[in-house]
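Novice: The following file, query_31.txt, comprises compact mmCIF, C-alpha atoms:
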```txt
# COMPACT_ATOMS: atom_id res chain seq x y z
CA MET A 6 37.90 -83.20 96.58
CA SER A 7 36.68 -81.11 93.68
CA ARG A 8 35.00 -82.22 90.48
CA LEU A 9 37.40 -84.13 88.21
CA ASP A 10 38.54 -82.95 84.80
CA ARG A 11 39.08 -85.39 81.92
CA ALA A 12 42.62 -86.15 82.98
CA GLY A 13 41.42 -86.74 86.52
CA ILE A 14 38.83 -89.26 85.35
CA ALA A 15 41.43 -91.00 83.18
CA ARG A 16 43.81 -91.17 86.14
CA ARG A 17 41.06 -92.67 88.31
CA VAL A 18 40.26 -95.36 85.70
CA ALA A 19 43.94 -96.19 85.22
CA ALA A 20 44.41 -96.69 88.96
CA ASP A 21 41.64 -99.33 88.95
CA ILE A 22 42.97 -101.45 86.11
CA PRO A 23 44.52 -104.57 87.63
CA PRO A 24 48.24 -105.04 86.86
CA GLY A 25 48.86 -107.43 83.99
CA SER A 26 45.41 -106.98 82.45
CA TYR A 27 44.64 -107.13 78.74
CA VAL A 28 42.80 -103.87 78.09
CA ASN A 29 41.04 -102.19 75.19
CA LEU A 30 40.67 -98.42 75.38
CA GLY A 31 37.84 -97.08 73.22
CA ILE A 32 38.14 -94.23 70.77
CA GLY A 33 38.11 -90.71 72.20
CA GLN A 34 38.38 -89.93 75.91
CA PRO A 35 39.25 -93.50 76.99
CA THR A 36 42.54 -93.34 75.08
CA LEU A 37 43.70 -90.83 77.73
CA VAL A 38 43.80 -93.67 80.25
CA ALA A 39 46.98 -95.01 78.64
CA ASP A 40 48.85 -91.90 79.77
CA TYR A 41 48.19 -92.74 83.43
CA LEU A 42 49.03 -96.45 83.51
CA ALA A 43 52.09 -97.06 85.65
CA PRO A 44 55.10 -98.12 83.52
CA ASP A 45 55.45 -101.27 85.60
CA SER A 46 51.72 -102.14 85.51
CA GLY A 47 52.25 -104.85 82.91
CA VAL A 48 48.98 -103.81 81.26
CA ILE A 49 48.83 -104.95 77.64
CA LEU A 50 46.74 -102.82 75.31
CA HIS A 51 44.56 -104.39 72.65
CA THR A 52 43.39 -102.48 69.61
CA GLU A 53 40.59 -104.13 67.69
CA ASN A 54 42.10 -103.48 64.27
CA GLY A 55 44.57 -106.22 65.06
CA MET A 56 47.33 -105.58 67.59
CA LEU A 57 48.23 -106.53 71.14
CA GLY A 58 50.93 -104.69 73.03
CA MET A 59 50.11 -101.43 71.29
CA GLY A 60 52.50 -98.59 71.97
CA ARG A 61 52.01 -94.86 72.39
CA ALA A 62 51.07 -92.43 69.61
CA ALA A 63 53.78 -92.26 66.95
CA VAL A 64 55.60 -88.99 66.29
CA GLY A 65 57.74 -87.78 63.41
CA ASP A 66 59.61 -90.55 61.63
CA GLU A 67 57.83 -93.20 63.67
CA VAL A 68 54.60 -92.61 61.74
CA ASP A 69 53.79 -95.63 59.55
CA PRO A 70 50.46 -95.71 57.69
CA ASP A 71 50.34 -99.50 58.18
CA LEU A 72 50.53 -99.14 61.96
CA ILE A 73 47.47 -97.44 63.43
CA ASN A 74 45.06 -97.90 66.30
CA ALA A 75 41.28 -98.26 66.20
CA GLY A 76 40.96 -94.47 66.15
CA LYS A 77 43.19 -94.55 63.06
CA VAL A 78 45.95 -92.71 64.90
CA PRO A 79 49.50 -93.89 64.08
CA VAL A 80 51.02 -95.76 67.03
CA THR A 81 54.31 -97.48 67.86
CA GLU A 82 55.29 -101.13 68.10
CA PRO A 83 57.04 -101.85 71.40
CA PRO A 84 58.89 -105.14 72.01
CA GLY A 85 56.42 -107.98 72.57
CA ALA A 86 53.69 -106.64 70.28
CA SER A 87 51.76 -108.99 68.01
CA TYR A 88 49.48 -108.64 65.00
CA PHE A 89 46.43 -110.68 63.99
CA HIS A 90 43.44 -110.48 61.68
CA HIS A 91 40.02 -109.13 62.56
CA ALA A 92 38.31 -112.46 63.26
CA ASP A 93 40.99 -113.31 65.84
CA SER A 94 40.84 -109.81 67.26
CA PHE A 95 37.13 -110.07 67.98
CA ALA A 96 37.49 -113.65 69.23
CA MET A 97 39.67 -112.10 71.93
CA MET A 98 36.63 -110.08 73.04
CA ARG A 99 33.75 -112.48 72.55
CA GLY A 100 35.77 -115.42 73.78
CA GLY A 101 36.28 -113.76 77.16
CA HIS A 102 40.03 -113.22 76.86
CA LEU A 103 40.03 -109.45 77.24
CA ASP A 104 39.99 -108.36 80.89
CA VAL A 105 38.80 -104.77 80.68
CA CYS A 106 37.51 -102.34 78.12
CA VAL A 107 36.97 -98.65 78.72
CA LEU A 108 34.30 -96.97 76.62
CA GLY A 109 32.67 -93.59 76.31
CA ALA A 110 28.88 -93.33 76.51
CA PHE A 111 25.88 -91.19 75.71
CA GLN A 112 23.96 -92.96 78.47
CA VAL A 113 24.29 -95.83 80.94
CA SER A 114 21.23 -97.24 82.69
CA PHE A 115 21.04 -98.15 86.38
CA ALA A 116 21.01 -101.80 85.20
CA GLY A 117 24.22 -101.34 83.20
CA ASP A 118 22.69 -101.03 79.73
CA LEU A 119 24.99 -99.02 77.47
CA ALA A 120 24.09 -96.53 74.73
CA ASN A 121 27.12 -95.15 72.93
CA TRP A 122 26.85 -95.70 69.18
CA HIS A 123 23.97 -93.74 67.74
CA THR A 124 21.96 -90.69 68.68
CA GLY A 125 18.96 -92.03 66.78
CA GLU A 126 18.41 -88.68 65.08
CA PRO A 127 16.87 -89.11 61.62
CA ASP A 128 19.75 -87.60 59.63
CA ALA A 129 22.52 -89.12 61.75
CA ILE A 130 24.58 -91.69 59.88
CA PRO A 131 24.75 -94.82 62.02
CA ALA A 132 28.25 -96.20 62.69
CA VAL A 133 28.85 -98.89 65.28
CA GLY A 134 32.42 -100.09 64.74
CA GLY A 135 33.50 -102.48 67.47
CA ALA A 136 31.39 -100.95 70.25
CA MET A 137 28.77 -103.72 70.45
CA ASP A 138 31.37 -106.48 70.37
CA LEU A 139 33.42 -104.80 73.10
CA ALA A 140 30.39 -104.10 75.27
CA ILE A 141 29.40 -107.75 75.53
CA GLY A 142 32.85 -109.25 75.11
CA ALA A 143 35.23 -107.84 77.69
CA LYS A 144 35.07 -109.38 81.17
CA SER A 145 34.67 -105.90 82.71
CA VAL A 146 33.30 -102.86 80.92
CA TYR A 147 34.17 -99.51 82.42
CA VAL A 148 32.47 -96.40 81.12
CA MET A 149 34.17 -93.04 81.30
CA MET A 150 32.02 -89.96 80.71
CA THR A 151 30.84 -86.64 82.06
CA LEU A 152 27.88 -87.31 84.33
CA PHE A 153 25.67 -84.65 82.76
CA THR A 154 25.08 -83.43 79.21
CA ASP A 155 25.88 -79.83 78.30
CA ALA A 156 22.18 -79.16 78.86
CA GLY A 157 22.42 -80.60 82.37
CA ALA A 158 20.60 -83.90 81.82
CA PRO A 159 22.00 -86.94 83.67
CA LYS A 160 23.68 -89.58 81.54
CA LEU A 161 23.36 -92.25 84.24
CA VAL A 162 19.66 -92.91 83.89
CA PRO A 163 16.90 -95.32 85.00
CA SER A 164 16.52 -96.46 81.39
CA CYS A 165 18.39 -95.44 78.24
CA THR A 166 16.52 -93.34 75.68
CA TYR A 167 19.25 -93.61 73.02
CA PRO A 168 19.56 -96.81 70.92
CA LEU A 169 21.33 -99.50 72.92
CA THR A 170 24.81 -100.85 72.32
CA GLY A 171 24.53 -103.69 74.84
CA LEU A 172 22.31 -104.95 77.65
CA ARG A 173 23.47 -105.10 81.30
CA CYS A 174 27.12 -104.98 80.27
CA VAL A 175 28.60 -102.02 82.19
CA SER A 176 30.16 -102.75 85.57
CA ARG A 177 31.59 -99.34 86.54
CA VAL A 178 30.97 -95.75 85.53
CA TYR A 179 33.72 -93.16 86.06
CA THR A 180 32.54 -89.57 85.87
CA ASP A 181 33.56 -86.06 86.83
CA TYR A 182 31.24 -86.18 89.88
CA GLY A 183 31.79 -89.71 91.11
CA VAL A 184 32.50 -93.39 90.54
CA PHE A 185 29.52 -95.74 90.34
CA LEU A 186 29.49 -99.50 90.68
CA ILE A 187 26.71 -101.29 88.87
CA GLU A 188 25.82 -104.40 90.81
CA PRO A 189 23.01 -106.95 90.62
CA ASP A 190 21.07 -105.14 93.36
CA GLY A 191 21.57 -101.67 91.92
CA VAL A 192 23.94 -98.74 91.69
CA THR A 193 26.44 -98.04 94.46
CA ILE A 194 28.27 -94.74 94.69
CA ARG A 195 31.87 -95.51 95.55
CA GLU A 196 33.19 -91.98 95.75
CA THR A 197 32.11 -88.47 94.88
CA TYR A 198 33.98 -85.38 93.67
CA GLY A 199 32.81 -81.86 94.42
CA ILE A 200 29.34 -82.94 95.52
CA GLU A 201 27.89 -84.64 98.58
CA GLU A 202 26.46 -88.12 98.07
CA PRO A 203 22.86 -87.23 99.04
CA ASP A 204 22.88 -84.32 96.54
CA LEU A 205 24.25 -86.61 93.84
CA ARG A 206 21.58 -89.22 94.58
CA GLY A 207 18.96 -86.51 94.34
CA LYS A 208 20.19 -85.24 90.97
CA LEU A 209 20.20 -88.75 89.52
CA GLY A 210 17.04 -90.01 91.22
CA LEU A 211 19.02 -92.86 92.74
CA MET B 29 45.94 -122.32 41.25
CA THR B 30 47.22 -118.82 41.72
CA LEU B 31 47.88 -116.64 38.70
CA VAL B 32 50.46 -113.87 38.87
CA VAL B 33 49.25 -111.09 36.59
CA GLU B 34 51.04 -108.05 35.24
CA SER B 35 48.65 -105.24 36.00
CA ALA B 36 45.88 -104.27 38.37
CA ASP B 37 43.52 -104.03 35.39
CA GLU B 38 44.26 -107.63 34.51
CA ALA B 39 43.81 -108.58 38.16
CA VAL B 40 40.20 -107.33 38.32
CA ALA B 41 39.21 -108.43 34.80
CA GLY B 42 35.88 -110.19 34.66
CA VAL B 43 34.26 -108.57 37.71
CA SER B 44 30.66 -108.23 36.60
CA ASP B 45 27.89 -105.75 37.25
CA GLY B 46 25.97 -106.58 40.42
CA ALA B 47 28.93 -108.38 42.03
CA THR B 48 29.51 -108.45 45.78
CA VAL B 49 33.02 -107.14 46.31
CA LEU B 50 34.86 -107.59 49.61
CA VAL B 51 37.34 -104.74 50.01
CA GLY B 52 40.09 -105.07 52.61
CA GLY B 53 41.37 -102.28 54.81
CA PHE B 54 40.64 -100.49 58.05
CA GLY B 55 40.43 -96.86 57.06
CA THR B 56 43.38 -96.44 54.75
CA ALA B 57 45.60 -99.18 56.28
CA GLY B 58 45.42 -102.21 54.02
CA GLN B 59 43.06 -100.56 51.55
CA PRO B 60 43.95 -102.01 48.11
CA MET B 61 44.04 -98.66 46.32
CA GLU B 62 45.43 -99.88 43.00
CA LEU B 63 42.88 -102.71 42.71
CA ILE B 64 40.00 -100.37 43.58
CA ASP B 65 41.21 -97.89 40.95
CA ALA B 66 41.30 -100.72 38.42
CA LEU B 67 37.75 -101.74 39.35
CA ARG B 68 36.68 -98.14 38.81
CA ARG B 69 38.33 -98.12 35.37
CA LEU B 70 36.67 -101.45 34.54
CA GLY B 71 33.36 -99.70 35.15
CA ALA B 72 31.53 -102.58 36.83
CA LYS B 73 28.41 -101.10 38.40
CA ASP B 74 25.50 -101.91 40.69
CA LEU B 75 28.08 -103.35 43.09
CA THR B 76 27.64 -104.36 46.71
CA VAL B 77 30.79 -103.45 48.61
CA VAL B 78 31.65 -105.07 51.94
CA SER B 79 34.33 -103.13 53.81
CA ASN B 80 34.92 -101.90 57.34
CA ASN B 81 34.58 -98.23 56.36
CA ALA B 82 32.88 -96.36 53.55
CA GLY B 83 35.87 -94.61 52.04
CA ASN B 84 38.26 -91.89 53.10
CA GLY B 85 38.84 -88.58 51.35
CA SER B 86 38.26 -88.70 47.61
CA GLN B 87 40.53 -91.56 46.56
CA GLY B 88 40.36 -95.35 46.63
CA LEU B 89 37.01 -96.68 47.85
CA ALA B 90 35.65 -93.13 48.06
CA ALA B 91 36.39 -92.61 44.35
CA LEU B 92 34.57 -95.85 43.47
CA LEU B 93 31.56 -94.59 45.42
CA ALA B 94 31.78 -91.18 43.78
CA ALA B 95 31.76 -92.84 40.35
CA GLY B 96 28.30 -94.19 41.14
CA GLN B 97 29.33 -97.84 40.78
CA VAL B 98 28.20 -98.95 44.24
CA ARG B 99 24.53 -99.59 44.96
CA ARG B 100 24.92 -100.92 48.48
CA ILE B 101 27.61 -100.92 51.13
CA VAL B 102 27.93 -103.23 54.12
CA CYS B 103 30.25 -101.86 56.78
CA SER B 104 30.74 -101.27 60.49
CA PHE B 105 31.85 -97.65 60.55
CA PRO B 106 30.78 -95.59 57.55
CA ARG B 107 30.88 -92.20 59.28
CA GLN B 108 34.36 -90.79 59.62
CA LYS B 109 35.80 -87.30 59.57
CA ASP B 110 36.76 -87.70 55.92
CA SER B 111 33.86 -89.84 54.64
CA TYR B 112 32.23 -86.89 52.88
CA VAL B 113 31.73 -88.79 49.61
CA PHE B 114 29.72 -91.52 51.34
CA ASP B 115 27.89 -89.04 53.61
CA GLU B 116 26.59 -87.10 50.62
CA LEU B 117 25.48 -90.25 48.75
CA TYR B 118 23.76 -91.61 51.85
CA ARG B 119 21.96 -88.39 52.70
CA SER B 120 20.71 -88.09 49.12
CA LYS B 121 19.61 -91.74 49.24
CA ARG B 122 21.85 -92.77 46.37
CA ILE B 123 23.45 -95.63 48.31
CA GLU B 124 22.05 -98.31 50.59
CA LEU B 125 23.77 -98.98 53.90
CA GLU B 126 23.82 -102.05 56.12
CA VAL B 127 25.62 -101.38 59.39
CA VAL B 128 27.17 -104.50 60.93
CA PRO B 129 29.09 -104.65 64.22
CA GLN B 130 32.76 -104.95 63.35
CA GLY B 131 33.26 -108.35 64.94
CA ASN B 132 30.15 -109.69 63.23
CA LEU B 133 31.47 -108.42 59.93
CA ALA B 134 34.71 -110.33 60.48
CA GLU B 135 32.99 -113.47 61.77
CA ARG B 136 30.36 -113.51 59.01
CA LEU B 137 33.20 -113.37 56.46
CA ARG B 138 35.09 -116.05 58.36
CA ALA B 139 31.96 -118.24 58.40
CA ALA B 140 31.55 -117.84 54.66
CA GLY B 141 35.14 -118.91 54.08
CA ALA B 142 34.86 -121.84 56.47
CA GLY B 143 31.63 -123.30 55.10
CA ILE B 144 29.54 -122.44 58.16
CA GLY B 145 25.82 -122.06 57.43
CA ALA B 146 25.12 -119.55 60.20
CA PHE B 147 26.16 -119.00 63.81
CA TYR B 148 24.77 -117.74 67.10
CA CYS B 149 26.56 -114.64 68.35
CA PRO B 150 26.02 -112.61 71.54
CA THR B 151 26.90 -109.28 69.92
CA GLY B 152 24.00 -106.86 69.50
CA VAL B 153 21.43 -108.72 71.61
CA GLY B 154 18.69 -106.26 72.62
CA THR B 155 19.91 -103.56 70.22
CA PRO B 156 18.40 -102.17 67.01
CA LEU B 157 20.94 -104.16 64.95
CA ALA B 158 19.39 -107.43 66.15
CA GLU B 159 15.80 -106.45 65.43
CA GLY B 160 13.91 -109.06 63.45
CA LYS B 161 16.69 -111.61 63.80
CA GLU B 162 16.24 -115.07 65.24
CA THR B 163 17.56 -115.47 68.77
CA ARG B 164 18.25 -118.45 70.97
CA THR B 165 19.18 -118.91 74.61
CA ILE B 166 22.13 -121.24 75.10
CA ASP B 167 23.32 -122.04 78.62
CA GLY B 168 21.36 -119.07 79.94
CA ARG B 169 22.78 -116.52 77.53
CA GLU B 170 20.95 -114.99 74.60
CA TYR B 171 22.46 -115.12 71.11
CA VAL B 172 21.49 -113.75 67.69
CA LEU B 173 21.59 -115.86 64.54
CA GLU B 174 24.00 -114.36 62.03
CA PHE B 175 24.56 -115.47 58.44
CA PRO B 176 27.76 -115.61 56.40
CA ILE B 177 28.77 -112.92 53.92
CA HIS B 178 29.96 -114.46 50.68
CA GLY B 179 31.83 -112.38 48.13
CA ASP B 180 32.00 -112.82 44.41
CA VAL B 181 35.35 -111.09 44.56
CA ALA B 182 37.76 -110.07 47.34
CA LEU B 183 40.22 -107.26 46.75
CA ILE B 184 42.91 -107.26 49.41
CA LYS B 185 46.32 -105.78 50.04
CA ALA B 186 49.13 -107.83 51.52
CA HIS B 187 52.83 -107.11 51.87
CA GLN B 188 54.52 -109.92 49.97
CA ALA B 189 53.50 -112.98 47.98
CA ASP B 190 55.25 -115.87 46.36
CA THR B 191 54.18 -117.15 42.97
CA LEU B 192 51.98 -119.77 44.67
CA GLY B 193 49.92 -117.02 46.29
CA ASN B 194 51.17 -117.44 49.85
CA LEU B 195 50.79 -114.08 51.57
CA VAL B 196 52.35 -112.19 54.42
CA TYR B 197 50.94 -108.91 55.63
CA ARG B 198 52.38 -105.83 57.26
CA LYS B 199 51.45 -104.65 60.77
CA THR B 200 47.85 -103.50 61.26
CA ALA B 201 47.31 -103.41 57.49
CA ARG B 202 46.53 -107.14 57.87
CA ASN B 203 43.08 -106.41 59.37
CA PHE B 204 40.36 -107.95 57.14
CA GLY B 205 42.68 -109.38 54.46
CA PRO B 206 43.00 -112.95 55.76
CA VAL B 207 39.26 -113.47 56.37
CA MET B 208 38.17 -111.82 53.13
CA ALA B 209 40.65 -113.95 51.19
CA THR B 210 38.76 -117.05 52.30
CA ALA B 211 35.26 -115.70 51.66
CA ALA B 212 35.14 -114.94 47.93
CA LYS B 213 34.93 -116.98 44.74
CA LEU B 214 37.76 -114.89 43.29
CA THR B 215 40.41 -113.47 45.61
CA VAL B 216 42.77 -110.86 44.22
CA ALA B 217 45.76 -109.66 46.23
CA GLN B 218 47.96 -106.68 45.53
CA VAL B 219 51.38 -106.90 47.12
CA THR B 220 54.59 -104.89 47.01
CA SER B 221 56.59 -107.82 45.64
CA VAL B 222 56.12 -111.34 44.28
CA SER B 223 58.96 -113.76 44.87
CA SER B 224 59.75 -117.38 44.07
CA PRO B 225 58.48 -120.27 46.22
CA GLY B 226 60.70 -120.77 49.24
CA SER B 227 61.41 -117.10 49.72
CA ILE B 228 58.71 -116.83 52.41
CA ASP B 229 59.23 -118.82 55.59
CA PRO B 230 56.33 -121.32 55.62
CA GLU B 231 55.88 -120.61 59.35
CA ALA B 232 55.31 -116.94 58.54
CA VAL B 233 52.64 -117.43 55.87
CA VAL B 234 49.38 -115.87 57.04
CA THR B 235 47.19 -116.60 54.02
CA PRO B 236 48.07 -119.86 52.25
CA GLY B 237 47.92 -119.73 48.47
CA ILE B 238 44.85 -121.96 48.27
CA PHE B 239 42.77 -118.89 49.16
CA VAL B 240 44.35 -116.64 46.55
CA ASP B 241 43.44 -116.65 42.84
CA ARG B 242 45.30 -113.67 41.41
CA VAL B 243 48.31 -111.73 42.60
CA VAL B 244 49.65 -108.48 41.21
CA ALA B 245 52.74 -106.58 42.27
CA CYS B 246 52.20 -102.90 42.97
CA PRO B 247 55.69 -101.97 44.20
CA SER B 248 54.85 -98.46 45.39
CA PRO B 249 51.21 -98.46 46.41
CA ALA B 250 49.51 -95.15 46.94
CA VAL B 251 49.44 -94.12 50.57
CA LEU B 252 46.30 -92.27 51.42
CA ALA B 253 46.64 -90.22 54.56
CA GLU B 254 43.59 -89.95 56.74
CA GLU B 255 42.12 -86.48 56.60
CA GLY B 256 41.80 -85.99 60.33
CA ALA B 257 41.82 -89.11 62.45
CA ALA B 258 38.95 -90.71 64.39
CA GLY B 259 36.32 -93.30 63.76
```
Output the file's structure as structure tokens, nothing else.
Specialist:
Amino acid sequence: MSRLDRAGIARRVAADIPPGSYVNLGIGQPTLVADYLAPDSGVILHTENGMLGMGRAAVGDEVDPDLINAGKVPVTEPPGASYFHHADSFAMMRGGHLDVCVLGAFQVSFAGDLANWHTGEPDAIPAVGGAMDLAIGAKSVYVMMTLFTDAGAPKLVPSCTYPLTGLRCVSRVYTDYGVFLIEPDGVTIRETYGIEEPDLRGKLGL
Amino acid sequence: MTLVVESADEAVAGVSDGATVLVGGFGTAGQPMELIDALRRLGAKDLTVVSNNAGNGSQGLAALLAAGQVRRIVCSFPRQKDSYVFDELYRSKRIELEVVPQGNLAERLRAAGAGIGAFYCPTGVGTPLAEGKETRTIDGREYVLEFPIHGDVALIKAHQADTLGNLVYRKTARNFGPVMATAAKLTVAQVTSVSSPGSIDPEAVVTPGIFVDRVVACPSPAVLAEEGAAG
């Protein structure tokens, strides 16, 4: 099997989300996962700005400025949706009610530490949004990312060099080259795409 | 007691220099544009603004920032594609920024409104945003001590009110409105219509009138489109 493209990673994540789960898809790449959830999966999407049962992106006349997702994209309101305020929305995370969240990342450590909110560069404007709450709140945190930076540096690393979002919070990492399980005794490679496992281990220093 | 006033200017009357102003909205959804414009006209300065974002485009909260009335902003996600007004002020060190995780922002407001002195929260443990804060291990898990955010004034946007100040919201424009309404000494709500008591189903009331001090009808509020989504 060859290296996965973005859609391929999204499809892989979607296939692993248990039917009937309450799921939050982070801004950016993770939103693609929604396109690959089976219609009968019963998965209910949460968006932290205050909606459960979020629908697809709105088009044309469906666009309503009062109905947006966390990425501020207009969405639709399917039957069964509900609205709530921000304190309730984040209680759903912190209180352990949300089954899965899927986040992007700059780096994930072998211990499951997540760095995805700030590059730490001096002139970068910090902006965290709901990332820290999601990272420690959802029962399972899946990260979806390319395994290497454009410059070729691994993003699954022994220890994060970017500012942290959460400690030991990531349970799975879905990438273009493979799926990694982060377990108490270390990182397990579940499957690889377009590379043999020993080569992948070598590139990551696993 | 809730006062129904005739204009947005009347609604924000008395907001003083140096006030902490809670401003509802998530991006442009629920942003009380007319109340913010009135605050800008009032000219109150040296303000601390608490809001999820730091303004979009050049209107609403962004215009208040551009007018130089805000000394400090507390928010979770200042950087957006269309936050150029804030970005410029921040880079030229003309505004102070406190970044707060979004759930902590909501919960710190909720705590203020509920009379909670402080609370232990797991969000941010081990990250730069918890540096210097007191921590405590409870049942084997580490938590950070977080303090309430009290407002002098809350400016929020709801959908409808009755003359007693009971509020209902509309879709995801609800966002921070209900928690901010509880957290300020003076809560001002702009709504599209104000009706007589009994016109809102009591079961549907989201913010009971006890939390609302002033209501103003702005029947056709400005709708500010996001200039390029994300963030």
Novice: What are the centre and edge lengths in Å, to one decimal, of the axis-aligned box around all listed atoms of segment 128-142 of chain B with 3 Å added on each side, as JSON?
Specialist:
```
{"center_x": 31.2, "center_y": -113.2, "center_z": 59.5, "size_x": 14.0, "size_y": 23.3, "size_z": 16.9}
```
Novice: For Ile14 of chain A, list every protein, DNA or RNA residue within 12 Å, evaluated using all atoms listed in the file, and leave out those in the same chain fewer than 3 positions away; present the list as JSON, numbers by chain.
Specialist: {"A": [7, 8, 9, 10, 11, 17, 18, 19, 20, 21, 34, 35, 36, 37, 38, 40, 41, 107, 109, 147, 148, 149, 150, 151, 152, 178, 179, 180, 181, 182, 183, 184, 197, 198]}
Novice: Find the residues of chain B in contact range of chain A, meaning any atom within 9 Å when counting only C-alpha atoms, and list them as a PyMOL selection string.
Specialist: chain B and resi 54-58+80-81+103-108+115+118-119+127-135+137-138+149-157+198-207+251-254+257-259
Novice: Could those residues be written to a file, using C-alpha atoms, as a short mmCIF file (atom, residue, chain, number, x, y, z; two decimals), in the coordinates of the input?
Specialist:
```cif
data_model
loop_
_atom_site.label_atom_id
_atom_site.label_comp_id
_atom_site.auth_asym_id
_atom_site.auth_seq_id
_atom_site.Cartn_x
_atom_site.Cartn_y
_atom_site.Cartn_z
CA PHE B 54 40.64 -100.49 58.05
CA GLY B 55 40.43 -96.86 57.06
CA THR B 56 43.38 -96.44 54.75
CA ALA B 57 45.60 -99.18 56.28
CA GLY B 58 45.42 -102.21 54.02
CA ASN B 80 34.92 -101.90 57.34
CA ASN B 81 34.58 -98.23 56.36
CA CYS B 103 30.25 -101.86 56.78
CA SER B 104 30.74 -101.27 60.49
CA PHE B 105 31.85 -97.65 60.55
CA PRO B 106 30.78 -95.59 57.55
CA ARG B 107 30.88 -92.20 59.28
CA GLN B 108 34.36 -90.79 59.62
CA ASP B 115 27.89 -89.04 53.61
CA TYR B 118 23.76 -91.61 51.85
CA ARG B 119 21.96 -88.39 52.70
CA VAL B 127 25.62 -101.38 59.39
CA VAL B 128 27.17 -104.50 60.93
CA PRO B 129 29.09 -104.65 64.22
CA GLN B 130 32.76 -104.95 63.35
CA GLY B 131 33.26 -108.35 64.94
CA ASN B 132 30.15 -109.69 63.23
CA LEU B 133 31.47 -108.42 59.93
CA ALA B 134 34.71 -110.33 60.48
CA GLU B 135 32.99 -113.47 61.77
CA LEU B 137 33.20 -113.37 56.46
CA ARG B 138 35.09 -116.05 58.36
CA CYS B 149 26.56 -114.64 68.35
CA PRO B 150 26.02 -112.61 71.54
CA THR B 151 26.90 -109.28 69.92
CA GLY B 152 24.00 -106.86 69.50
CA VAL B 153 21.43 -108.72 71.61
CA GLY B 154 18.69 -106.26 72.62
CA THR B 155 19.91 -103.56 70.22
CA PRO B 156 18.40 -102.17 67.01
CA LEU B 157 20.94 -104.16 64.95
CA ARG B 198 52.38 -105.83 57.26
CA LYS B 199 51.45 -104.65 60.77
CA THR B 200 47.85 -103.50 61.26
CA ALA B 201 47.31 -103.41 57.49
CA ARG B 202 46.53 -107.14 57.87
CA ASN B 203 43.08 -106.41 59.37
CA PHE B 204 40.36 -107.95 57.14
CA GLY B 205 42.68 -109.38 54.46
CA PRO B 206 43.00 -112.95 55.76
CA VAL B 207 39.26 -113.47 56.37
CA VAL B 251 49.44 -94.12 50.57
CA LEU B 252 46.30 -92.27 51.42
CA ALA B 253 46.64 -90.22 54.56
CA GLU B 254 43.59 -89.95 56.74
CA ALA B 257 41.82 -89.11 62.45
CA ALA B 258 38.95 -90.71 64.39
CA GLY B 259 36.32 -93.30 63.76
#
```
Novice: Point out the residue among A:Pro24, A:Gly125, A:Gly100, A:Pro203 with the least atom-to-atom distance to Tyr167 of chain A, counting all atoms listed in the file.
Specialist: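 Of all the options, A:Gly125 lies closest to Tyr167 of chain A.
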Novice: State, in Å with one decimal place, the distance from atom CA of Ser176 of chain A to atom CA of Glu174 of chain B.
Specialist: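 Separation between atom CA of Ser176 of chain A and atom CA of Glu174 of chain B: 27.0 Å.
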Novice: Smallest atom-to-atom distance to Val105 of chain A: which of A:Ala143, A:Leu186, A:Cys165, A:Ala43, using only C-alpha atoms?
Specialist: A:Ala143
Novice: Counting only C-alpha atoms, what is within 7 Å of Ala63 of chain A, bar same-chain residues fewer than 4 positions away, as a list in words?
Specialist: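 Everything that qualifies: Glu67, Val68, Pro79, Val80 and Thr81 of chain A.
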Novice: For the selection you just gave me, I'd like the residues written to a file as an mmCIF file, keeping the file's coordinate frame, keeping C-alpha atoms.
Specialist:
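Okay, this is what ended up in again_27.cif:
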```cif
data_model
loop_
_atom_site.group_PDB
_atom_site.id
_atom_site.type_symbol
_atom_site.label_atom_id
_atom_site.label_comp_id
_atom_site.auth_asym_id
_atom_site.auth_seq_id
_atom_site.Cartn_x
_atom_site.Cartn_y
_atom_site.Cartn_z
ATOM 1 C CA GLU A 67 57.830 -93.200 63.670
ATOM 2 C CA VAL A 68 54.600 -92.610 61.740
ATOM 3 C CA PRO A 79 49.500 -93.890 64.080
ATOM 4 C CA VAL A 80 51.020 -95.760 67.030
ATOM 5 C CA THR A 81 54.310 -97.480 67.860
#
```
Novice: Using only C-alpha atoms, determine which residues lie at most 6 Å from Val172 of chain B, disregarding the query and same-chain residues fewer than 4 positions distant; provide the list as a ChimeraX atom specification.
Specialist: /B:148-149,162-163
Novice: Using all atoms listed in the file, can you tell me which of B:Ala139, B:Met29, B:Ala36, B:Ala182 comes closest to Thr76 of chain B?
Specialist: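 Of all the options, B:Ala182 lies closest to Thr76 of chain B.
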Novice: Taking 4 positions as the minimum chain separation for residues in the same chain, which residues sit within 12 Å of Phe114 of chain B when counting all atoms listed in the file? Answer as a ChimeraX atom specification.
Specialist: /A:130 /B:81-87,89-96,98-101,103,105-110,118-125
Novice: What is the atom CA of Ala72 of chain B to atom CA of Thr215 of chain B distance in Å?
Specialist: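 Between atom CA of Ala72 of chain B and atom CA of Thr215 of chain B the gap works out to 16.6 Å.
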Novice: Report the distance between atom CA of Pro60 of chain B and atom CA of Leu57 of chain A in Å, rounded to one decimal place.
Specialist: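 Distance between the two atoms: 23.9 Å.
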Novice: Got a sec to check which residues sit within 9 Å of (47.5, -105.9, 80.7), counting only C-alpha atoms, and write them as a list in words?
Specialist: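 Checked against the point, the hits come out as Ile22, Pro23, Pro24, Gly25, Ser26, Tyr27, Val28, Ser46, Gly47, Val48, Ile49, Leu50, His51, Gly58, Leu103, Asp104 and Val105 of chain A.
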